[in-house]
Amino acid sequence: MPADNMSWVRPSDNKSLLGKKKVDLFIFKYGIHIPKEYHKDFLSIIPSKFIELGSSEKVKLIFDDRTEEVELRNINSQGRSGDTLQIRYDANKDLIKYLINKFRTSYDYIIKNQGNSSKIVVPNEIAEYIEFYKTDNPCEYKLILISNSEIKANFLNYIGEKGTLNNSLYQKSYKLVFLLALINNVDNEGKAEYDIVCKEILDFYRNRHEQGLLVEQNDSKIQTEIESLSLNLIKSTMNENAYKVVSDKGYVIKKNIGGKENIAFNQDLWQTLNNNDLKLLEENLREKLLIYYTTRVEKEKNSMILKQYLEKIMNNYIEAKNHEPFAGHELGHIFRKILPEYFTKLDFIDSDQYTITGSIGQGNWANIPWIALMNRKSTTLIQSGVYIGYLFSNDMGRLYLTLNQGVTELKSELGTKGAKQKLVENAKNIRKRVGMDATIASQNIKLDGGSLGDLYEVGIIGAFEYNIESIPDDEKLIKDLKKMVEYYEKYLNNETEIYDGEKSDESIMLNEPNEMNSEEIIQYIHKYITSKGYTYSLDTIKNFYLSLKTKPFVLLAGISGTGKSKLVELYAEAIGANVDNGRYNLIPVRPDWSDPSDLLGYRNIQGFFQPGPLTNIVKKAVDDTDSLPYFICLDEMNLARVEYYFSDILSIIETRKGNGRIITNRLLKDEFFGDDEESKAKYSYLYIPDNLYIVGTVNMDETTFPFSKKVLDRANTIEFNHVKLSVDFESLEDHIDELKPLVLKNDMLSSNYVKLKDCIDEKEHIEEVIYILEKINSKLEEVGLQFGYRIRDEIIFYTLYSIKENLMSFDMAMDYAIKQKILPRVQGSNFSIKSVLIELFKIFINNTSSQYDPYANDNFEKMHSYIKNNNVKYPLCAEKICSMIRRHEVDGFTTFWE
């Protein structure tokens, strides 16, 4: 064992701290050896203050919401005189496993370097520690486990999530500017000269002032003394505020190096931060700084918040579009969140009446980014109706504040030429009706955005034009917007039908992904389905979309009559796939199906190949040059054994590969055709294309067959068991008019990821998901129900799509994905199944200290009460576990299926 002075630190000013132990190999094997000079302090918690040689006392270790009972032993060691004091827990495998996971850095280093020696000392730069504290209770130690991953997690949690601003933490800009300046100037040891850091902070505030912007809130010392701002004032302000607060947390310290004052990150923290961490941290801090100036300083007189953001967009958009990744870009946050929130707070905008949104494109940068203010009396989508829109020219030289018309629906009904004529006619009538000023109504708009830009130009009723060289101040920008809102609401108060022709049955064709983003598409699908008189929650539609995008095979499970088949039909119909055009097909499964021929086809008695229904649909999807989506609903899929007739197709789905359009191995082997060369030429090239989506509906009763893990592992299983018989008449009345379906190209729906390497750039997200899945899998391993890489990857894909497309929070997406991919596999009657369900419940409620007795029969009531009275991290999973526990306690057997 390493010498005590290498592995222990004696406390100095903290009397309750008994000692700080560096993590070593023996912590992972049997326990902790306490050096002789620490014996008195560690024995002080024992009432007798003494343990006889060869004896032990039971003591408790309290840490991380855990309480572990261990032994404090006085070992009678051969060849060693005197007392040998140890904390022993070598029989507690669960505790050892927890410590291995907690101190993964130390454990991995020791195992890698151990060889034949047990005397391995973890280097200080990556060392991890356990601090031992007295408590007010006898025979009890409080422990603080200091792991590398934990100090990093605590620091990042302290900084806060991207896109948010903790009001109490960031009352001024000081901490944000201080940390940004430190990151920009640290060397490879994580330190920087304090004067250089403060000089960068000084330059930041001076630059804002020179641009005519407030540098801080009016009560700030920095703002009141901006004209004479000096390095000394910056340094004293940082010492009193930013440095003091951050150093009190233990994240930074001051050092004197060569007579110069340096500021440095805590070395334990610095060792855990890689270059990508620093880059993401910098992006987070810069975004918070933008939010700070928007939400805190915007109310100050003469602020230039709107001007600042518009100039930022126009000065940076082309560079971003040509050279920077689309996903997660700061400009997207400005369009989708910061500016919509800014407009919502204006006193002449009724937030109850207006939908405000912006877009830089869907998956790819738009030629013409936009921000729309839509009064719900007219529209909630820019594809139809009248709205106020900020439109940026393709070269970012000009910005137009417009009163505009939706063009997509008219183009679908009348064609491009007819739509232009109607738009011009409508614009003329509206100008006349609202008495629009001639200078606003004059038409000299140049967006230069292709065919879509041409239609935008024609649809403009009136506009204010701003040149990039002379964007006015906020007072003028807001005055113009208020004027446009007055025209808009005057139009709405006297509105007549813009287009008075016959309603067309044609769909709204979306030719370019940038016309609608995923969120807007799903909202439209939801409204379309509601307009047909059917009620599904918006979250159900989001989940169905994400499940199909993750993998084009989904199971809808539940009692009969809950709308499973109807959801597939209406979802397909809402995006242009229906029975009439052959792109939606319902295939009822028969109980006598026993092999793939019922779906794929067979050779008749004459030796000619007779294609099955699935083969015919696959052919249409593969041959579709427009790459439109096709849907198959296998109704009552488990009336026959799914493994018998569908396993070959499942195996083929698993061969998906490719960049761009995804393909699989061939669907039909040559033996299907025999000597039928004509059919071979016609069908042998077929594969399962990425524009084909297969959905199976499932009833679980005495007439159906259960699913094997092979099937469950390959699908998202969406439940339809909770029935609400009441009718929301108000919602039905709001959607009394049926909407036209969209016609979506498949690239708006298809998967972006097939293998984990396809999203390897999302390392931080992947690690976050895997951390949670490993906790779940470790519990399932105890009963042989652990899952593999396929489920891991598909949960990662599902959660990535949900975050990138702004559809769900991370926790909400994990809740859906875990319930649909992992829990359907869990069933059994033995005691260990119930114990594992209880442990899973603790994970899902994020409270491992909750007490549930697997031997008792009141766990359901306790769990139900906890869910009802607390905020639960994964409510869907927790409720499902609660239901499964109830069944186990009542029937002695449980399963996911109800």
# chains A, B, ... in the order shown; residues from 1 in each chain; ligands from 1
$ residues_around --residues "segment 310-321 of chain A" --least-positions-apart "6" --cutoff "10 Å" --atoms "only C-alpha atoms" --output "list in words"
His329, Glu330, Leu331, Gly332, Ile334, Phe335, Leu339, Ile360, Asn364, Trp365, Ala366, Asn367, Pro369, Phe392, Ser393, Asn394, Asp395, Met396, Gly397, Arg398, Leu399, Asn467, Ile468, Glu469, Ser470 and Ile471 of chain A
$ select_by_dssp --residues "segment 754-881 of chain A" --states "alpha helix (DSSP H)" --output "VMD selection string"
chain A and resid 763 to 781 789 to 804 810 to 821 831 to 845 859 to 869 875 to 881
$ write_last_selection --atoms "C-alpha atoms" --output "compact mmCIF listing (two decimals), in the first residue's frame"
# COMPACT_ATOMS: atom_id res chain seq x y z
CA LYS A 763 -20.37 12.44 -28.19
CA GLU A 764 -21.69 14.37 -25.18
CA HIS A 765 -25.30 13.41 -25.94
CA ILE A 766 -24.34 9.77 -26.54
CA GLU A 767 -22.47 9.56 -23.24
CA GLU A 768 -25.41 11.10 -21.36
CA VAL A 769 -27.79 8.49 -22.77
CA ILE A 770 -25.40 5.60 -22.16
CA TYR A 771 -24.87 6.67 -18.54
CA ILE A 772 -28.61 6.29 -17.90
CA LEU A 773 -28.93 3.07 -19.89
CA GLU A 774 -26.04 1.45 -18.03
CA LYS A 775 -27.81 2.07 -14.72
CA ILE A 776 -30.95 0.40 -16.09
CA ASN A 777 -29.07 -2.47 -17.71
CA SER A 778 -27.17 -3.26 -14.52
CA LYS A 779 -30.51 -3.88 -12.80
CA LEU A 780 -31.92 -5.95 -15.67
CA GLU A 781 -28.77 -8.10 -15.71
CA TYR A 789 -26.41 -2.47 -28.73
CA ARG A 790 -29.46 -2.26 -31.02
CA ILE A 791 -31.67 -0.87 -28.27
CA ARG A 792 -28.88 1.43 -27.08
CA ASP A 793 -28.40 2.89 -30.55
CA GLU A 794 -32.08 3.39 -31.26
CA ILE A 795 -32.66 5.20 -27.98
CA ILE A 796 -29.72 7.46 -28.83
CA PHE A 797 -31.22 8.15 -32.29
CA TYR A 798 -34.71 8.81 -30.88
CA THR A 799 -33.45 11.31 -28.31
CA LEU A 800 -31.16 13.03 -30.83
CA TYR A 801 -34.03 13.59 -33.26
CA SER A 802 -36.27 14.90 -30.49
CA ILE A 803 -33.68 17.47 -29.36
CA LYS A 804 -32.43 18.54 -32.80
CA PHE A 810 -34.09 15.24 -23.23
CA ASP A 811 -35.88 13.76 -20.18
CA MET A 812 -39.21 13.53 -22.01
CA ALA A 813 -37.57 11.77 -24.97
CA MET A 814 -35.74 9.34 -22.67
CA ASP A 815 -39.03 8.63 -20.89
CA TYR A 816 -40.77 7.65 -24.13
CA ALA A 817 -37.78 5.73 -25.51
CA ILE A 818 -37.14 3.66 -22.36
CA LYS A 819 -40.81 2.77 -22.02
CA GLN A 820 -41.08 1.74 -25.68
CA LYS A 821 -37.75 -0.02 -26.18
CA PHE A 831 -39.45 -12.47 -6.53
CA SER A 832 -36.34 -11.15 -8.29
CA ILE A 833 -38.49 -9.62 -11.09
CA LYS A 834 -40.39 -7.59 -8.50
CA SER A 835 -37.14 -6.50 -6.83
CA VAL A 836 -35.76 -5.31 -10.18
CA LEU A 837 -38.98 -3.43 -10.96
CA ILE A 838 -38.63 -1.60 -7.65
CA GLU A 839 -35.03 -0.65 -8.44
CA LEU A 840 -36.09 0.58 -11.89
CA PHE A 841 -38.85 2.65 -10.30
CA LYS A 842 -36.25 4.37 -8.10
CA ILE A 843 -34.22 5.25 -11.19
CA PHE A 844 -37.29 6.59 -13.00
CA ILE A 845 -38.35 8.82 -10.09
CA ASN A 859 -45.79 -1.11 -3.04
CA PHE A 860 -48.35 -0.17 -5.70
CA GLU A 861 -50.15 2.23 -3.33
CA LYS A 862 -46.86 3.79 -2.21
CA MET A 863 -45.63 4.20 -5.78
CA HIS A 864 -48.93 5.59 -6.99
CA SER A 865 -48.97 8.11 -4.14
CA TYR A 866 -45.37 9.14 -4.84
CA ILE A 867 -46.08 9.77 -8.53
CA LYS A 868 -49.20 11.74 -7.68
CA ASN A 869 -47.48 14.02 -5.15
CA PRO A 875 -43.38 9.78 -15.41
CA LEU A 876 -44.40 7.39 -18.22
CA CYS A 877 -41.89 4.76 -17.12
CA ALA A 878 -42.71 5.25 -13.45
CA GLU A 879 -46.44 4.83 -14.09
CA LYS A 880 -45.81 1.71 -16.15
CA ILE A 881 -43.64 0.15 -13.43
$ closest_residue --among "A:Tyr354, A:Asp64, A:Ser597, A:Gly607" --to "Leu668 of chain A" --atoms "only C-alpha atoms"
A:Ser597
$ select_by_dssp --residues "segment 147-369 of chain A" --states "strand (DSSP E or B)" --output "number ranges by chain"
A: 191-193, 252-257, 260-265, 354-359
$ write_last_selection --atoms "C-alpha atoms" --output "PDB file, in the first residue's frame"
ATOM      1  CA  LYS A 191      -4.117  29.293 -15.794  1.00  0.00           C
ATOM      2  CA  ALA A 192      -3.854  32.873 -17.105  1.00  0.00           C
ATOM      3  CA  GLU A 193      -2.434  36.174 -15.874  1.00  0.00           C
ATOM      4  CA  VAL A 252     -11.043  28.713  -9.659  1.00  0.00           C
ATOM      5  CA  ILE A 253      -8.138  29.872  -7.493  1.00  0.00           C
ATOM      6  CA  LYS A 254      -5.497  32.595  -7.526  1.00  0.00           C
ATOM      7  CA  LYS A 255      -1.784  31.811  -7.744  1.00  0.00           C
ATOM      8  CA  ASN A 256       1.322  33.985  -7.590  1.00  0.00           C
ATOM      9  CA  ILE A 257       3.703  32.847 -10.313  1.00  0.00           C
ATOM     10  CA  LYS A 260       2.463  37.951 -11.193  1.00  0.00           C
ATOM     11  CA  GLU A 261      -1.070  37.242 -10.052  1.00  0.00           C
ATOM     12  CA  ASN A 262      -2.596  34.349 -11.993  1.00  0.00           C
ATOM     13  CA  ILE A 263      -6.122  32.978 -12.073  1.00  0.00           C
ATOM     14  CA  ALA A 264      -6.485  29.216 -12.614  1.00  0.00           C
ATOM     15  CA  PHE A 265      -9.111  26.529 -12.827  1.00  0.00           C
ATOM     16  CA  TYR A 354     -50.300  35.802 -31.691  1.00  0.00           C
ATOM     17  CA  THR A 355     -48.147  32.848 -32.664  1.00  0.00           C
ATOM     18  CA  ILE A 356     -44.582  34.048 -33.227  1.00  0.00           C
ATOM     19  CA  THR A 357     -41.936  31.785 -34.722  1.00  0.00           C
ATOM     20  CA  GLY A 358     -38.839  31.932 -36.887  1.00  0.00           C
ATOM     21  CA  SER A 359     -36.815  29.585 -39.070  1.00  0.00           C
TER      22      SER A 359
END
$ residues_around --residues "segment 88-93 of chain A" --least-positions-apart "6" --cutoff "10 Å" --atoms "only C-alpha atoms" --output "short mmCIF file (atom, residue, chain, number, x, y, z; two decimals) with C-alpha atoms, in the first residue's frame"
data_model
loop_
_atom_site.label_atom_id
_atom_site.label_comp_id
_atom_site.auth_asym_id
_atom_site.auth_seq_id
_atom_site.Cartn_x
_atom_site.Cartn_y
_atom_site.Cartn_z
CA PHE A 26 -8.01 -1.57 -1.86
CA ILE A 27 -11.10 0.65 -1.91
CA PHE A 28 -12.33 -1.53 -4.78
CA LYS A 29 -11.39 -4.81 -3.05
CA TYR A 30 -12.26 -4.82 0.64
CA GLY A 31 -12.34 -1.37 2.24
CA ILE A 32 -10.21 1.45 3.62
CA HIS A 33 -7.08 1.25 5.76
CA SER A 56 -15.32 -4.72 15.24
CA LYS A 58 -21.04 -1.68 13.04
CA GLU A 68 -24.40 1.56 3.86
CA GLU A 69 -23.76 -0.48 7.03
CA VAL A 70 -20.11 -1.58 7.26
CA GLU A 71 -17.63 -2.69 9.91
CA LEU A 72 -14.97 -0.63 11.64
CA ARG A 73 -12.46 -3.38 12.49
CA LEU A 99 -17.55 2.77 -6.03
#
$ residues_around --residues "Arg825 of chain A" --least-positions-apart "2" --cutoff "12 Å" --atoms "only C-alpha atoms" --output "ChimeraX atom specification"
/A:706-717,780,783-787,791,818-823,827-828,833,894-897
$ write_last_selection --atoms "C-alpha atoms" --output "compact mmCIF listing (two decimals), in the first residue's frame"
# COMPACT_ATOMS: atom_id res chain seq x y z
CA PRO A 706 -47.13 -12.89 -27.43
CA PHE A 707 -44.04 -11.33 -28.97
CA SER A 708 -40.51 -12.67 -28.78
CA LYS A 709 -37.60 -10.43 -27.82
CA LYS A 710 -36.44 -10.54 -31.46
CA VAL A 711 -39.53 -8.60 -32.47
CA LEU A 712 -39.61 -6.27 -29.46
CA ASP A 713 -35.91 -5.37 -29.83
CA ARG A 714 -36.57 -4.20 -33.39
CA ALA A 715 -39.55 -1.90 -32.80
CA ASN A 716 -40.78 1.00 -30.75
CA THR A 717 -43.89 -0.19 -28.92
CA LEU A 780 -31.92 -5.95 -15.67
CA VAL A 783 -32.71 -11.29 -13.93
CA GLY A 784 -31.16 -11.98 -17.35
CA LEU A 785 -33.18 -9.29 -19.16
CA GLN A 786 -30.34 -6.99 -20.16
CA PHE A 787 -30.49 -5.42 -23.61
CA ILE A 791 -31.67 -0.87 -28.27
CA ILE A 818 -37.14 3.66 -22.36
CA LYS A 819 -40.81 2.77 -22.02
CA GLN A 820 -41.08 1.74 -25.68
CA LYS A 821 -37.75 -0.02 -26.18
CA ILE A 822 -36.87 -1.56 -22.81
CA LEU A 823 -39.93 -2.16 -20.63
CA GLN A 827 -42.06 -10.01 -17.50
CA GLY A 828 -42.03 -12.82 -14.94
CA ILE A 833 -38.49 -9.62 -11.09
CA THR A 894 -46.45 -9.36 -14.33
CA THR A 895 -45.83 -8.20 -17.88
CA PHE A 896 -45.71 -4.96 -19.84
CA TRP A 897 -48.83 -5.93 -21.74
$ atom_distance --atom1 "atom CA of Asn284 of chain A" --atom2 "atom CA of Ile159 of chain A"
8.5 Å
$ atom_distance --atom1 "atom CA of Pro629 of chain A" --atom2 "atom CA of Ile617 of chain A"
11.2 Å
$ residues_around --residues "segment 681-690 of chain A" --least-positions-apart "5" --cutoff "9 Å" --atoms "only C-alpha atoms" --output "PyMOL selection string"
chain A and resi 552+611+615-616+618-619+621-622+627+629+649+652-653+656+661-670+672-673+676+746+750-751
$ residues_around --residues "Arg104 of chain A" --least-positions-apart "5" --cutoff "9 Å" --atoms "only C-alpha atoms" --output "ChimeraX atom specification"
/A:99,109,147-149
$ atom_distance --atom1 "atom CA of Ala441 of chain A" --atom2 "atom CA of Lys479 of chain A"
16.9 Å
$ closest_residue --among "A:Asp598, A:His209, A:Ile718, A:Met808" --to "Asp539 of chain A" --atoms "only C-alpha atoms"
A:Met808
$ residues_around --residues "Pro596 of chain A" --least-positions-apart "4" --cutoff "9 Å" --atoms "only C-alpha atoms" --output "list of chain:residue names"
A:Leu600, A:Gly601, A:Tyr602, A:Tyr644, A:Tyr645, A:Phe646, A:Ser647, A:Asp648, A:Ile649
$ closest_residue --among "A:Leu739, A:Leu202, A:Ile62, A:Met516" --to "Ile144 of chain A" --atoms "only C-alpha atoms"
A:Ile62
$ decode --residues "segment 21-33 of chain A" --atoms "N, CA and C atoms" --output "PDB file, in the first residue's frame"
ATOM      1  N   LYS A  21      -9.064  10.858   1.858  1.00  0.00           N
ATOM      2  CA  LYS A  21      -8.348   9.673   1.395  1.00  0.00           C
ATOM      3  C   LYS A  21      -8.318   9.633  -0.128  1.00  0.00           C
ATOM      4  N   LYS A  22      -7.107   9.471  -0.689  1.00  0.00           N
ATOM      5  CA  LYS A  22      -6.993   9.271  -2.136  1.00  0.00           C
ATOM      6  C   LYS A  22      -7.461   7.852  -2.482  1.00  0.00           C
ATOM      7  N   VAL A  23      -8.232   7.734  -3.539  1.00  0.00           N
ATOM      8  CA  VAL A  23      -8.763   6.440  -3.944  1.00  0.00           C
ATOM      9  C   VAL A  23      -7.627   5.542  -4.421  1.00  0.00           C
ATOM     10  N   ASP A  24      -7.610   4.288  -3.917  1.00  0.00           N
ATOM     11  CA  ASP A  24      -6.590   3.332  -4.322  1.00  0.00           C
ATOM     12  C   ASP A  24      -7.233   1.975  -4.597  1.00  0.00           C
ATOM     13  N   LEU A  25      -6.412   0.984  -4.926  1.00  0.00           N
ATOM     14  CA  LEU A  25      -6.917  -0.331  -5.323  1.00  0.00           C
ATOM     15  C   LEU A  25      -7.772  -0.976  -4.230  1.00  0.00           C
ATOM     16  N   PHE A  26      -7.359  -0.833  -2.942  1.00  0.00           N
ATOM     17  CA  PHE A  26      -8.013  -1.573  -1.863  1.00  0.00           C
ATOM     18  C   PHE A  26      -9.434  -1.087  -1.610  1.00  0.00           C
ATOM     19  N   ILE A  27      -9.734   0.134  -2.016  1.00  0.00           N
ATOM     20  CA  ILE A  27     -11.103   0.647  -1.905  1.00  0.00           C
ATOM     21  C   ILE A  27     -12.044  -0.190  -2.763  1.00  0.00           C
ATOM     22  N   PHE A  28     -11.516  -0.723  -3.868  1.00  0.00           N
ATOM     23  CA  PHE A  28     -12.329  -1.526  -4.778  1.00  0.00           C
ATOM     24  C   PHE A  28     -12.313  -3.018  -4.410  1.00  0.00           C
ATOM     25  N   LYS A  29     -11.509  -3.393  -3.389  1.00  0.00           N
ATOM     26  CA  LYS A  29     -11.393  -4.813  -3.049  1.00  0.00           C
ATOM     27  C   LYS A  29     -12.076  -5.145  -1.726  1.00  0.00           C
ATOM     28  N   TYR A  30     -11.699  -4.431  -0.664  1.00  0.00           N
ATOM     29  CA  TYR A  30     -12.265  -4.817   0.636  1.00  0.00           C
ATOM     30  C   TYR A  30     -12.653  -3.634   1.498  1.00  0.00           C
ATOM     31  N   GLY A  31     -12.002  -2.467   1.351  1.00  0.00           N
ATOM     32  CA  GLY A  31     -12.338  -1.367   2.237  1.00  0.00           C
ATOM     33  C   GLY A  31     -11.253  -0.319   2.291  1.00  0.00           C
ATOM     34  N   ILE A  32     -11.086   0.288   3.473  1.00  0.00           N
ATOM     35  CA  ILE A  32     -10.209   1.448   3.616  1.00  0.00           C
ATOM     36  C   ILE A  32      -9.333   1.254   4.857  1.00  0.00           C
ATOM     37  N   HIS A  33      -8.035   1.332   4.654  1.00  0.00           N
ATOM     38  CA  HIS A  33      -7.079   1.252   5.765  1.00  0.00           C
ATOM     39  C   HIS A  33      -6.892   2.650   6.351  1.00  0.00           C
TER      40      HIS A  33
END
